[in-house]
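Written below as C-alpha cells is the structure these notes are about.
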Amino acid sequence: MTTTPPPPPPPSQAPRSGPPSEGPGHGHGPGPGHAHGHGHTHSHGPAAPVSQHLRKVIAAVLIPFATAVVVGLFVLWPGGTPSHERTGVGFDRQTQSATVAKVQELPCKDLNPSQPQPNGDTSTPEGQTAQSRAEGTCKKALIEVTSGDDKGRTFTEIIQPDSPRQLHKGQEVVVAYEPKAPEGLQYSVTDVNRKFPMALLAGIFALAVVVVGRLRGVMALVALTISFLVLTFFILPAILQGSNPLVVAVVGASAIMLVALYLCHGLTARTSVAVLGTLISLLLIGLLGSLFIGWAALTGNTDDNTGLIHGLYPSIDMSGLLLAGVIIGSLGVLDDVTVTQTSAVWELHQANPTMGRRGLYRAGIRIGRDHIASVVNTLVLAYAGAALPLLLLFSIAQSSVGTVANSELVAEEIVRTLIGSIGLVASVPVTTVLAALVVSADRTTPGPGGPATATGTPAPRSSRGGKGRRRKA
C-alpha cells in the first residue's frame, strides 16, 4: 500500500524565511537571526524607501540648512583674491620655469675665491661646511629660463657639495625672479619642477578609484574636484578679504559636505541622516575649538608662513584661521564615520526588521566602537607624521615632554588632534541614534503580503504565537 504525499500548501500559506533581497550586493545573513557581522561598509545595494511622512520630516530639517548654506555662499562670496605688492619672500616671490642646460664640475676653491679658509676644526657644523667647500668638488650649472618675458635668458648657479639639491643636465627647475636686484642676480633656482610625476600619480589614483569604484568612484572624483573648487574660489579668498574665518569655514565645509555626500551616496534618507550627524559633529568641533583655542591662548601665528600672511593681511584673525583649519581638517574623516554608521544601522534593520530602536542602537554602536578605535589612531598618527620634523627638533634639544607640549607649535597640533578626535568619537553615537530613530519610526502602507516594515517590504511571519502564527494546512 502506497501513501500519497500531502499536497503542498497554497502560496498564501507558504512560510516565509525572511525579507526578500534588497538588490545586488546584499547578502549578509540569510534571515533575521543574522543581524550582526556587518563591518565597515557604506552601501549594500539600493537604499530602502521610506515613508512620505518621514521624507517630509527630513526635508523640513535639511532644506532650511541647505538654503542657509546657499545664502552664506552668496553673501560671503569674495569675487577673487585681493591683490598686494609682492614682498619677494618665501611663497610671495615671482617664479618662472627653467631647464638645466649644462653642468660642469670644478674644485670649490676655484668657484669660491672669497670663501674663508678652514681652520681644520671639523667638530662643528660650520667647520665641516668650510672644510667641504674648500676641498670638495662643486658644480657650475648653466640655467636657461623657459617661460615669461625673459624666455631664453641664461644665468649661472653654483651648487655646493653639501647642498641637499644636486642638479643635473636636462632637469626642469623653478627659478625665482627679483626685478629690483642687479641683472646678474635677478634669477636663482628655488626648487625642482615636479609637475609631471605629480600629475602621473594623480592619474594613477583617479584610474584606481574609477576601476574599483566604477560609477561611485567617478562621483567621488567629481565631489573631490568640487571640494577643491570651493576651497580655492570661496574659502581662501573670503578669508583673505577679511571675512570671519570661522563663519567662512562653517559655510564652506557645509557646502562641501552636502555636495560630496549626496553626489556620492544619492539623494536618500540614509544620506540625509549622515548629513545631520556630520552637521551636529561639526558644530561640536566648532564650539570646542572656540573654547580651547582661546583658553590656551593659541595665536595661530607660529612660523614664517603664518607670519607672512599676517604681515600681508593684518586684518586676518589668525586664531580664527586656526579654528577654520580644525573644522575643515575634521570634515573628511567625519563624512566617512557618519556614512558608515548610518549604513550599518540601515543594513541591520533590513536584516532584521523586527529589531527595535534600542536593539538597532546597541548593534550599531558595537560596530562604531571598532570604527572609533581605528579612526582616532589614524588621525593622531596623521598629525604626528606631519609634525615629525618639529618633534625631532625637540628630541635633539633633549626637552622634556611637558616643555614640548607647552610650546605653541606643538600645542596647536595637540589641540587640533584632540578636538577633531572628540568630534569623531561623538559622531558615532549621534549618527547611530539618529539612524535608529529614523528607521524604527518609519511606517509605510501595508502591502498585500502582510504588515509592512520600514523598508517597504512585507514583514516576515513568525512561527511562534501572535498574529503571525502559521495556520495548519
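Residues are referred to by chain and number: the chain letter is A, B, ... according to the order shown in the C-alpha cells, the number counts from 1 in that chain, and ligands are numbered separately from 1 in the order shown.
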
(request) Write out as a PyMOL selection string the residues lying within 12 Å of Leu381 in chain A, counting only C-alpha atoms and excluding same-chain residues fewer than 4 positions away. (result) chain A and resi 374-377+385-388+413-414+417+421

(request) For Val70 in chain A, work out the shell of residues within 12 Å, counting only C-alpha atoms and skipping chain neighbours fewer than 3 positions away, then give it as a list of chain:residue names. (result) A:Ile63, A:Pro64, A:Phe65, A:Ala66, A:Thr67, A:Leu73, A:Phe74, A:Val75, A:Leu76, A:Trp77, A:Val251, A:Gly252, A:Ser254, A:Ala255, A:Ile256, A:Leu258, A:Val259

Would you save the residues of that selection, restricted to C-alpha atoms, as a short mmCIF file (atom, residue, chain, number, x, y, z; two decimals), in the first residue's frame?
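Output (result.cif):
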```cif
data_model
loop_
_atom_site.label_atom_id
_atom_site.label_comp_id
_atom_site.auth_asym_id
_atom_site.auth_seq_id
_atom_site.Cartn_x
_atom_site.Cartn_y
_atom_site.Cartn_z
CA ILE A 63 16.04 72.29 3.19
CA PRO A 64 16.43 75.25 5.60
CA PHE A 65 20.01 74.16 6.29
CA ALA A 66 20.85 73.92 2.57
CA THR A 67 19.15 77.28 1.98
CA LEU A 73 27.89 81.43 -0.08
CA PHE A 74 26.13 84.32 -1.81
CA VAL A 75 26.74 86.83 1.00
CA LEU A 76 30.36 85.87 1.68
CA TRP A 77 31.42 85.22 -1.92
CA VAL A 251 29.67 77.68 5.31
CA GLY A 252 32.35 76.22 3.03
CA SER A 254 28.77 72.60 4.88
CA ALA A 255 28.68 73.17 1.12
CA ILE A 256 31.38 70.56 0.58
CA LEU A 258 26.21 68.49 1.07
CA VAL A 259 27.70 68.13 -2.40
#
```

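What separates CA of Lys102 in chain A from CA of Asp149 in chain A is a distance of 21.9 Å.
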
(request) Name the residues of range 180-301 of chain A that come out as strand (DSSP E or B) in a backbone DSSP run; write them as an MDAnalysis selection string. (result) chainID A and resid 187:192

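Nearest residue to Asn193 in chain A, choosing from A:Leu379, A:Leu106, A:Val100, A:Val248 and counting only C-alpha atoms: A:Val100.
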
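With CA of Leu287 in chain A on one side and CA of Ile419 in chain A on the other, the separation reads 9.6 Å.
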
Which range 208-276 of chain A residues have any atom within 9 Å of an atom of range 311-323 of chain A, and for each, what is the nearest pair of atoms with distance in Å to one decimal, counting only C-alpha atoms, rows sorted by chain and number, as CSV?
```
residue,atom,partner,partner_atom,distance
A:Ile239,CA,A:Ile316,CA,7.0
A:Leu240,CA,A:Ile316,CA,6.8
A:Gln241,CA,A:Ile316,CA,8.3
A:Gly242,CA,A:Ile316,CA,5.7
A:Ser243,CA,A:Ile316,CA,7.9
A:Asn244,CA,A:Gly320,CA,7.2
A:Pro245,CA,A:Leu321,CA,5.3
A:Leu246,CA,A:Gly320,CA,5.8
A:Ala249,CA,A:Leu323,CA,8.5
```

Any chance you can output those residues with N, CA, C and O atoms as an mmCIF file, in the first residue's frame?
```cif
data_model
loop_
_atom_site.group_PDB
_atom_site.id
_atom_site.type_symbol
_atom_site.label_atom_id
_atom_site.label_comp_id
_atom_site.auth_asym_id
_atom_site.auth_seq_id
_atom_site.Cartn_x
_atom_site.Cartn_y
_atom_site.Cartn_z
ATOM 1 N N ILE A 239 38.572 84.448 3.247
ATOM 2 C CA ILE A 239 39.375 84.725 4.447
ATOM 3 C C ILE A 239 40.337 85.874 4.178
ATOM 4 O O ILE A 239 40.518 86.763 5.019
ATOM 5 N N LEU A 240 40.952 85.893 2.983
ATOM 6 C CA LEU A 240 41.875 86.980 2.645
ATOM 7 C C LEU A 240 41.154 88.315 2.520
ATOM 8 O O LEU A 240 41.751 89.376 2.754
ATOM 9 N N GLN A 241 39.877 88.285 2.164
ATOM 10 C CA GLN A 241 39.104 89.528 2.060
ATOM 11 C C GLN A 241 38.749 90.096 3.423
ATOM 12 O O GLN A 241 38.253 91.223 3.515
ATOM 13 N N GLY A 242 38.979 89.325 4.496
ATOM 14 C CA GLY A 242 38.709 89.832 5.829
ATOM 15 C C GLY A 242 37.471 89.268 6.481
ATOM 16 O O GLY A 242 37.120 89.675 7.595
ATOM 17 N N SER A 243 36.772 88.299 5.842
ATOM 18 C CA SER A 243 35.602 87.685 6.459
ATOM 19 C C SER A 243 36.037 86.823 7.634
ATOM 20 O O SER A 243 37.183 86.353 7.708
ATOM 21 N N ASN A 244 35.103 86.609 8.565
ATOM 22 C CA ASN A 244 35.400 85.795 9.743
ATOM 23 C C ASN A 244 35.787 84.385 9.320
ATOM 24 O O ASN A 244 34.984 83.691 8.673
ATOM 25 N N PRO A 245 37.002 83.910 9.645
ATOM 26 C CA PRO A 245 37.417 82.579 9.194
ATOM 27 C C PRO A 245 36.511 81.456 9.673
ATOM 28 O O PRO A 245 36.283 80.483 8.948
ATOM 29 N N LEU A 246 35.962 81.589 10.901
ATOM 30 C CA LEU A 246 35.092 80.539 11.430
ATOM 31 C C LEU A 246 33.807 80.437 10.620
ATOM 32 O O LEU A 246 33.381 79.343 10.236
ATOM 33 N N ALA A 249 34.590 79.020 7.193
ATOM 34 C CA ALA A 249 34.868 77.591 7.257
ATOM 35 C C ALA A 249 33.588 76.775 7.438
ATOM 36 O O ALA A 249 33.422 75.721 6.817
#
```

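With only C-alpha atoms as the atoms that count, the minimum distance from Gly329 in chain A to the choices A:Gly300, A:Pro164, A:Gly136, A:Gly420 is reached by A:Gly420.
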
(request) Considering only C-alpha atoms, state which residue in the set A:Ala176, A:Leu207, A:Ala98, A:Val345 is at the smallest distance from Thr146 in chain A. (result) A:Ala98

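The interatomic distance for the pair CA of Arg366 in chain A and CA of Leu54 in chain A works out to 26.2 Å.
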
(request) Extract the full set of helix (DSSP H, G or I) residues from range 103-236 of chain A according to DSSP on the backbone, and format it as a ChimeraX atom specification. (result) /A:108-111,125-135,183-185,195-236

(request) Would you mind listing what lies within 12 Å of Val433 in chain A as number ranges by chain, with only C-alpha atoms counted and same-chain residues fewer than 2 positions away left out? (result) A: 273-274, 276-277, 338, 341-342, 344-346, 356-365, 368, 426-431, 435-441

(request) Measuring atom to atom with only C-alpha atoms, identify which of A:Val247, A:Ile204, A:Leu261, A:Val212 is nearest to Ser227 in chain A. (result) A:Leu261
